[in-house]
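*Asks:* Let me give you the structure first, and then I'll get to my questions.
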Protein chains: 2
Amino acid sequence: MRGSAFFQRAFRVSQEHPTFFKLLIVTTVSGGGLLTFSDASPFQRSITGASSQNEGKKKKVVVLGTGWAGTSFLKNLKSSSYDVQVVSPNNFFAFTPLLPSVTNGTVEARSIVEPIRNIVKKKPYNVEFEEAECYKIDPVNKKVYCRSNQSSTLDGIEEFTVDYDVLILAMGARVNTFNTPGVEEHAHFLKEVGDAQKLRKSIIDCYERASLPGVSEEEKKRMMHFVVVGGGPTGVEYAAELHDLAFDDMAKLYPSAKDYLKITLLEAGDHILNMFDKRIITFATDKFQRDGIDVKTGSMVVRVSDKDISTKERTTGEIVSVPYGVVLWSTGIATRPVVRDFMNHIGQAKRRVLATDEWLRVEGCEDVYALGDCATINQRKVMEDIAAIFKKADKTSNGTLDLKDFKEVVGHICERYPQVELYLRKNKLKSFYDLLKNAKGDDKKQIDIETFKKALSEVDSQMKSLPPTAQVAAQQGEYLAKCFNRMELCEKNPEGPLRFRASGRHRFHPFRYRHFGQFAPLGGEQTAAQLPGDWVSIGHSTQWLWYSVYASKLVSWRTRMLVISDWSRRFIFGRDSSKI
Amino acid sequence: MRGSAFFQRAFRVSQEHPTFFKLLIVTTVSGGGLLTFSDASPFQRSITGASSQNEGKKKKVVVLGTGWAGTSFLKNLKSSSYDVQVVSPNNFFAFTPLLPSVTNGTVEARSIVEPIRNIVKKKPYNVEFEEAECYKIDPVNKKVYCRSNQSSTLDGIEEFTVDYDVLILAMGARVNTFNTPGVEEHAHFLKEVGDAQKLRKSIIDCYERASLPGVSEEEKKRMMHFVVVGGGPTGVEYAAELHDLAFDDMAKLYPSAKDYLKITLLEAGDHILNMFDKRIITFATDKFQRDGIDVKTGSMVVRVSDKDISTKERTTGEIVSVPYGVVLWSTGIATRPVVRDFMNHIGQAKRRVLATDEWLRVEGCEDVYALGDCATINQRKVMEDIAAIFKKADKTSNGTLDLKDFKEVVGHICERYPQVELYLRKNKLKSFYDLLKNAKGDDKKQIDIETFKKALSEVDSQMKSLPPTAQVAAQQGEYLAKCFNRMELCEKNPEGPLRFRASGRHRFHPFRYRHFGQFAPLGGEQTAAQLPGDWVSIGHSTQWLWYSVYASKLVSWRTRMLVISDWSRRFIFGRDSSKI
């Protein structure tokens, strides 16, 4: 091992890069510091080991899930005030945006995963990882029930419970089948690495099968008909990648099968990529048309059998059945059973998704946080709090406000209710004062509650819920980790906005999402990117932007190098066509 | 695709390297040219497309299997006189010597496989490949019955038959369980790429499971007990690689599990690597002792249950049961059911292995050849033919031979019966004449049949059957391809030895195996190599020899580059520990 030992030493160093997961653990102020704390600035740098000298029992933080949210939390948690225990059915973090590439043999499955153990092993302190699935959460006794997900080579199923002081739900979501019959049984998904590998195998199987002797024409047609359901970024990217695989590589290997190949993209809405800019939609639609990818909008899948997929055309209302070889189902997400069950226990039975406040605390349940796809932030309406806000602003309690009173609360209102800023921006208003000016026709200095209400009445229309993307999950994980890092500090001097319904200030700033734009790879080395501020960029250059952004976002130097070398392999040798 | 297209073009060129599979197909002399031809020189270069100008129907050559033998045949077949159809359950060739590396994450599974389609696509002529398994051979009607081995994602099983003019059996062998109860159900094998992946997953599972809370001590001990059955090169290499994986990489990730780890190597014989030189055996045994790998010789496995493996100690005769986590079974090979069934049809029911003559023709069956592990060459004894040989040599038919008569047959005898040369070498005899001198006490010039018999009586003791290695399979594939390439040529002027029982000469030289030595990787970047001429080399340098030899032997430039880049990855980042 001499040679390798040398290299390994050399690279250990590079792996000690500061942005790498460090879970320092020391003691915290005893007493429910955590129970009361609320929020932290995602902007301010965290203070590592701020309280390493404190004594007492450490809080036990249990993290469920090692996806984007969970891993980003672990990566950014630098305070040593906690014992951390991670429970996840996968012993690795997977860089999910590259799953379509894995499916088409552009990238090795193993290149996009970073074993959690690699993260944990770099921590000098007590961090535990269990490869297991949480199947029940008991918020009353502060327990989670777990089950190891072992392969059949090991007999029996290991079950155990984990106690927590603080629980962090980051277990993501499941695919939403809308209870369409046959989807669970016959369709492929693209959420896990395993899914990508299965899907890949099925595609190659279809090619092999279609080239067997004695297979009828229509059977070949069926085999080679690949259907993608859902015109979101994933569906579109996969359809595009599949087209490239088929025409760049497979066509050379399976000349006979080529003539039967058909790729269909089904979208229930009016057009694909509907969260993207018009220009991108048009470009994508045109490109797919040129490529011969059959994009069917306004057609909703009603049933999937082992051989046929049936859709209902919105225009005509008729039901059409088409034979298929492989179906990929990528139509958004739904709540996991375990989370659903948890919601019933904490009085969120009526909600569609688990709700948290702006500080990511699960509503109706103490010491539980939820990040990423498994929850949404339940943004407060200004109108709900309008009276309280007015009261707080009205120092003199004379029922009217002058601008002086305002100065003190404006900033807090804007921070607490992000929709205000969105509203101002939308209506091209410079500041909150313009809002008031519009409200009171004249320019008398005093404003009463009615004028105030009138001024803000429209604001809530601008409330937006965050998209279920890796970007959001990662930012939430980072945000929460930094709250945890700076807890004692912010207990002493809170930095959040005013509490309108109580005295004092919130301890932390609420979570604020920063959108860095979104990619939609369209195949043929072309990508569309929608950047903040209505910027749009499409084409080969954008593909290279895509390469560089993804390379830089990869979770470790190891995965970064592996993926880049995979890309070069693919450039040189083309995609792999073996079933491995 | 501009960038990639450029690279691909560039590399297509390098892939057109002459040693790459080329199956040119043109027409052949109609009439059973093949039925009568026998053998070809493995040394002489083949003449490509020698008969491309001939007219008539092409012979249909069906190749079953794409392992070492089949692929090497396809690779070296350059004559254009045949239509070739390949049927194999795998759509790729796998470089099996690297399977242990795949199991331990040193090399990517995909890096050691070359899709057969990649081979076929480079052929301008009609070569077909079917991904299917042959389950019945009908030599009477010259048909093989095949079944597509599709994954469950595709309904039903495709069945079809393939007619052949010439059939080439290269389907390898199955693992020999010696009917030990429980092996099929509970043990792992290491013959296919899929085996390596399963085995890998099971090992990681054991580590994960052993680090779950609430797992009892002895359960952990059981989990972390890895047993390798069979002290051959594969078993030894795997045990060594597993040890490196455990101590170089896993130990850092699973510090707790380390203390329970135990690797046992069970060998029924007296020592491991028994086909190797004493020096290597001693070195390996010592190294394993230092490494803490528990080598148990003279202990035969009698039963494998889901948790325990029972062995019978030859010395004491007692039966011991030990709990285990994973068992790898690598104890040699046995005949596949389909081949066994075929043997019963052609009157080889009593034989253990399918028998061919020295020209690889299956005995008792026309137009069927068998290569690699699925057959053995049934070498003829000199003593069986002694009378015929004498008669042939005795030109004057006066019942005695003089040296002049000999000169003409000696060469033919030596070529036809390789054991003669081996015998001479073993007894340090310069030539055949010395053999005769010893036989006849005096030095009278005449030799009668009795003296002749006496002289050769010992020779047959030197007959050796070839080991079931990749090296033999590859050489047989190459040999047979060259026979096929040079068929018309050698029909006109045969080059083989005299036919002792008939007139004329054999058309081709019989197959002669050239041993290039054998490696036994022992872990810790050390390898033992046994080279021809009793050379032995052990240590780190040999490991590098191993790297270079294996790199050079890889079937395509693609796999070569991939494996080398995998090795570098492993040097830099260590082995991968994710379950992917």
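For the structure tokens, the naming scheme is as follows: chains receive sequential letters (A, B, ...) according to their order of presentation, residues are indexed from 1 within each chain, and ligands are indexed from 1 in presentation order.
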Do a neighbour search on range 90-102 of chain B at 6 Å with only C-alpha atoms, toss out local chain neighbours closer than 2 positions, and write the hits as a ChimeraX atom specification.

*Replies:* /B:66-67,88,104-109,112-116,131,238

*Asks:* Include C-alpha atoms and write out the residues we just selected as a PDB file, in the first residue's frame.

*Replies:*
```pdb
ATOM      1  CA  THR B  66     -19.018 -14.844 -24.940  1.00  0.00           C
ATOM      2  CA  GLY B  67     -16.489 -15.727 -22.270  1.00  0.00           C
ATOM      3  CA  SER B  88     -24.952 -15.634 -24.986  1.00  0.00           C
ATOM      4  CA  ASN B 104     -13.924  -4.826  -3.221  1.00  0.00           C
ATOM      5  CA  GLY B 105     -14.649  -1.613  -5.088  1.00  0.00           C
ATOM      6  CA  THR B 106     -11.146  -1.342  -6.520  1.00  0.00           C
ATOM      7  CA  VAL B 107     -12.457  -1.511 -10.063  1.00  0.00           C
ATOM      8  CA  GLU B 108     -15.852  -0.537 -11.469  1.00  0.00           C
ATOM      9  CA  ALA B 109     -17.907  -3.487 -12.698  1.00  0.00           C
ATOM     10  CA  ILE B 112     -14.085  -4.758 -16.969  1.00  0.00           C
ATOM     11  CA  VAL B 113     -16.876  -5.504 -19.435  1.00  0.00           C
ATOM     12  CA  GLU B 114     -16.844  -4.877 -23.166  1.00  0.00           C
ATOM     13  CA  PRO B 115     -20.301  -5.009 -24.766  1.00  0.00           C
ATOM     14  CA  ILE B 116     -20.358  -7.658 -27.500  1.00  0.00           C
ATOM     15  CA  GLU B 131     -28.884 -12.142 -25.719  1.00  0.00           C
ATOM     16  CA  TYR B 238     -10.340 -12.688  -2.722  1.00  0.00           C
TER      17      TYR B 238
END
```

*Asks:* Kindly provide the residues of range 170-192 of chain A that approach range 339-349 of chain A to within 12 Å, each paired with its closest atom pair and their distance in Å to one decimal, based on only C-alpha atoms, listed by chain and increasing number, as a Markdown table.

*Replies:*
```
| residue | atom | partner | partner_atom | distance |
| --- | --- | --- | --- | --- |
| A:Ala170 | CA | A:Val339 | CA | 10.4 |
| A:Met171 | CA | A:Val339 | CA | 8.8 |
| A:Gly172 | CA | A:Val339 | CA | 9.6 |
| A:Ala173 | CA | A:Val339 | CA | 9.0 |
| A:Arg174 | CA | A:Val339 | CA | 10.6 |
```

*Asks:* Using the selection just defined, write its residues with N, CA, C and O atoms as a tab-separated table (two decimals), in the first residue's frame.

*Replies:*
```tsv
chain	number	residue	atom	x	y	z
A	170	ALA	N	-35.75	15.05	7.73
A	170	ALA	CA	-35.22	15.41	6.41
A	170	ALA	C	-35.32	14.19	5.51
A	170	ALA	O	-34.36	13.82	4.84
A	171	MET	N	-36.46	13.53	5.58
A	171	MET	CA	-36.59	12.23	4.92
A	171	MET	C	-37.19	12.34	3.52
A	171	MET	O	-37.49	11.33	2.89
A	172	GLY	N	-37.37	13.58	3.05
A	172	GLY	CA	-37.83	13.76	1.67
A	172	GLY	C	-39.26	13.30	1.47
A	172	GLY	O	-40.03	13.19	2.43
A	173	ALA	N	-39.60	13.02	0.23
A	173	ALA	CA	-40.97	12.66	-0.12
A	173	ALA	C	-40.96	11.43	-1.00
A	173	ALA	O	-39.90	10.98	-1.44
A	174	ARG	N	-42.14	10.89	-1.23
A	174	ARG	CA	-42.23	9.77	-2.18
A	174	ARG	C	-42.81	10.28	-3.50
A	174	ARG	O	-43.30	11.41	-3.57
```

*Asks:* Given only C-alpha atoms as the basis, pick out the residue of B:Ile386, B:Leu429, B:Ile168, B:Val563 nearest to chain A.

*Replies:*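 Checking each candidate against chain A, we get B:Val563 as the closest.
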
*Asks:* With only C-alpha atoms as the counted atoms, please give the residues lying no more than 12 Å from Arg575 in chain A, apart from itself and same-chain residues fewer than 6 positions off, as JSON, numbers by chain.

*Replies:* {"A": [101, 102, 103, 104, 105, 106, 107, 108, 200, 241, 242, 244, 245, 246, 247, 248, 249, 250, 251, 252, 253, 566, 567, 568, 569], "B": [4, 8, 110, 114, 115, 118, 558]}

*Asks:* Report the residues of range 223-354 of chain B whose backbone DSSP state falls under alpha helix (DSSP H), written as number ranges by chain.

*Replies:* B: 223, 233-244, 251-253, 255-258, 278-291, 337-345

*Asks:* Considering only C-alpha atoms, state which residue in the set A:Ala240, A:Met300, A:Ile572, A:Leu403 is at the smallest distance from chain B.

*Replies:*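 Nearest candidate to chain B out of A:Ala240, A:Met300, A:Ile572, A:Leu403: A:Ile572.
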
*Asks:* So that I can see what lies close to His506 in chain B, please list as a list of chain:residue names the residues with an atom at most 6 Å from it, counting only C-alpha atoms and leaving out residues fewer than 6 positions away in the same chain.

*Replies:*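 Answer for this query is B:Gly496, B:Pro497, B:Arg499.
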
*Asks:* Restricted to all heavy atoms, what would the selected residues look like written as a PDB file, in the first residue's frame?

*Replies:*
```pdb
ATOM      1  N   GLY B 496      -0.508 -30.774 -41.092  1.00  0.00           N
ATOM      2  CA  GLY B 496      -0.477 -31.492 -39.817  1.00  0.00           C
ATOM      3  C   GLY B 496       0.414 -32.713 -39.875  1.00  0.00           C
ATOM      4  O   GLY B 496       1.047 -32.990 -40.893  1.00  0.00           O
ATOM      5  N   PRO B 497       0.456 -33.485 -38.781  1.00  0.00           N
ATOM      6  CA  PRO B 497       1.259 -34.714 -38.742  1.00  0.00           C
ATOM      7  C   PRO B 497       0.644 -35.824 -39.576  1.00  0.00           C
ATOM      8  O   PRO B 497      -0.509 -35.712 -40.002  1.00  0.00           O
ATOM      9  CB  PRO B 497       1.235 -35.088 -37.259  1.00  0.00           C
ATOM     10  CG  PRO B 497      -0.046 -34.509 -36.753  1.00  0.00           C
ATOM     11  CD  PRO B 497      -0.269 -33.243 -37.527  1.00  0.00           C
ATOM     12  N   ARG B 499      -1.232 -39.149 -40.675  1.00  0.00           N
ATOM     13  CA  ARG B 499      -2.307 -39.980 -40.125  1.00  0.00           C
ATOM     14  C   ARG B 499      -1.770 -41.384 -39.984  1.00  0.00           C
ATOM     15  O   ARG B 499      -1.491 -42.038 -40.988  1.00  0.00           O
ATOM     16  CB  ARG B 499      -3.502 -39.994 -41.054  1.00  0.00           C
ATOM     17  CG  ARG B 499      -4.171 -38.649 -41.288  1.00  0.00           C
ATOM     18  CD  ARG B 499      -5.255 -38.794 -42.370  1.00  0.00           C
ATOM     19  NE  ARG B 499      -5.845 -37.509 -42.716  1.00  0.00           N
ATOM     20  CZ  ARG B 499      -6.837 -36.951 -42.030  1.00  0.00           C
ATOM     21  NH1 ARG B 499      -7.328 -37.572 -40.973  1.00  0.00           N
ATOM     22  NH2 ARG B 499      -7.317 -35.783 -42.397  1.00  0.00           N
TER      23      ARG B 499
END
```

*Asks:* Excluding Cys146 in chain A and any residue of its chain fewer than 2 positions from it, enumerate the residues within 9 Å of it, using only C-alpha atoms, and give them as a PyMOL selection string.

*Replies:* chain A and resi 87+132-136+144+148+158-162

*Asks:* Kindly export the residues of the current selection with C-alpha atoms, as a PDB file, in the first residue's frame.

*Replies:*
```pdb
ATOM      1  CA  VAL A  87     -30.684   7.414  10.713  1.00  0.00           C
ATOM      2  CA  ALA A 132     -32.169   1.966   8.906  1.00  0.00           C
ATOM      3  CA  GLU A 133     -35.600   3.306   8.032  1.00  0.00           C
ATOM      4  CA  CYS A 134     -37.734   5.252  10.503  1.00  0.00           C
ATOM      5  CA  TYR A 135     -41.281   3.856  10.425  1.00  0.00           C
ATOM      6  CA  LYS A 136     -42.830   5.650  13.424  1.00  0.00           C
ATOM      7  CA  VAL A 144     -38.351   7.331  16.748  1.00  0.00           C
ATOM      8  CA  SER A 148     -32.869  -1.893   9.464  1.00  0.00           C
ATOM      9  CA  GLU A 158     -33.381  -5.556  13.143  1.00  0.00           C
ATOM     10  CA  GLU A 159     -35.712  -3.129  14.963  1.00  0.00           C
ATOM     11  CA  PHE A 160     -34.737  -0.474  17.484  1.00  0.00           C
ATOM     12  CA  THR A 161     -35.822   2.880  18.916  1.00  0.00           C
ATOM     13  CA  VAL A 162     -33.841   6.105  19.198  1.00  0.00           C
TER      14      VAL A 162
END
```

*Asks:* Show me, as JSON, numbers by chain, the residues that have an atom within 12 Å of Leu266 in chain B when counting only C-alpha atoms, minus same-chain residues fewer than 2 positions from it.

*Replies:* {"B": [226, 227, 228, 229, 230, 231, 232, 235, 236, 239, 263, 264, 268, 269, 270, 271, 272, 273, 293, 294, 295, 296, 297, 298, 299, 300, 301, 302, 309, 310, 311, 312, 313, 322, 327, 328, 329, 330, 331]}

*Asks:* Go through A:Ser256, A:Thr234, A:Gln289, A:Gln446 one by one, measure the shortest atom-to-atom distance of each to Lys221 in chain A using only C-alpha atoms, and give the residue with the smallest value.

*Replies:*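 Looking only at the distances to Lys221 in chain A, the closest residue turns out to be A:Ser256.
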
*Asks:* Using CA of Tyr324 in chain A and CA of Phe178 in chain A as the two end points, give the distance in Å to one decimal.

*Replies:*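 Between CA of Tyr324 in chain A and CA of Phe178 in chain A the gap works out to 20.3 Å.
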
*Asks:* Write out as a list in words the residues lying within 7 Å of Cys206 in chain B, counting only C-alpha atoms and excluding same-chain residues fewer than 5 positions away.

*Replies:*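 Contacts, with the query itself left out: Met223, Met224 and Gly325 of chain B.
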
*Asks:* Those same residues - N, CA and C atoms - I'd like them written as a compact mmCIF listing (two decimals), in the first residue's frame.

*Replies:*
```
# COMPACT_ATOMS: atom_id res chain seq x y z
N MET B 223 -21.79 -11.82 12.08
CA MET B 223 -21.85 -10.91 10.93
C MET B 223 -20.49 -10.68 10.31
N MET B 224 -19.50 -10.47 11.19
CA MET B 224 -18.19 -10.03 10.71
C MET B 224 -17.25 -11.19 10.44
N GLY B 325 -20.96 -14.68 8.50
CA GLY B 325 -21.74 -13.60 7.92
C GLY B 325 -21.90 -13.78 6.42
```

*Asks:* Do you have the CA of Leu554 in chain A-CA of Trp68 in chain A distance handy?

*Replies:*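 Going from CA of Leu554 in chain A over to CA of Trp68 in chain A covers 11.2 Å.
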
*Asks:* For CA of Ser461 in chain A and CA of Asp385 in chain A, determine how far apart the two atoms are, in Å to one decimal place.

*Replies:*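 Rounded to one decimal, the two atoms are 15.2 Å apart.
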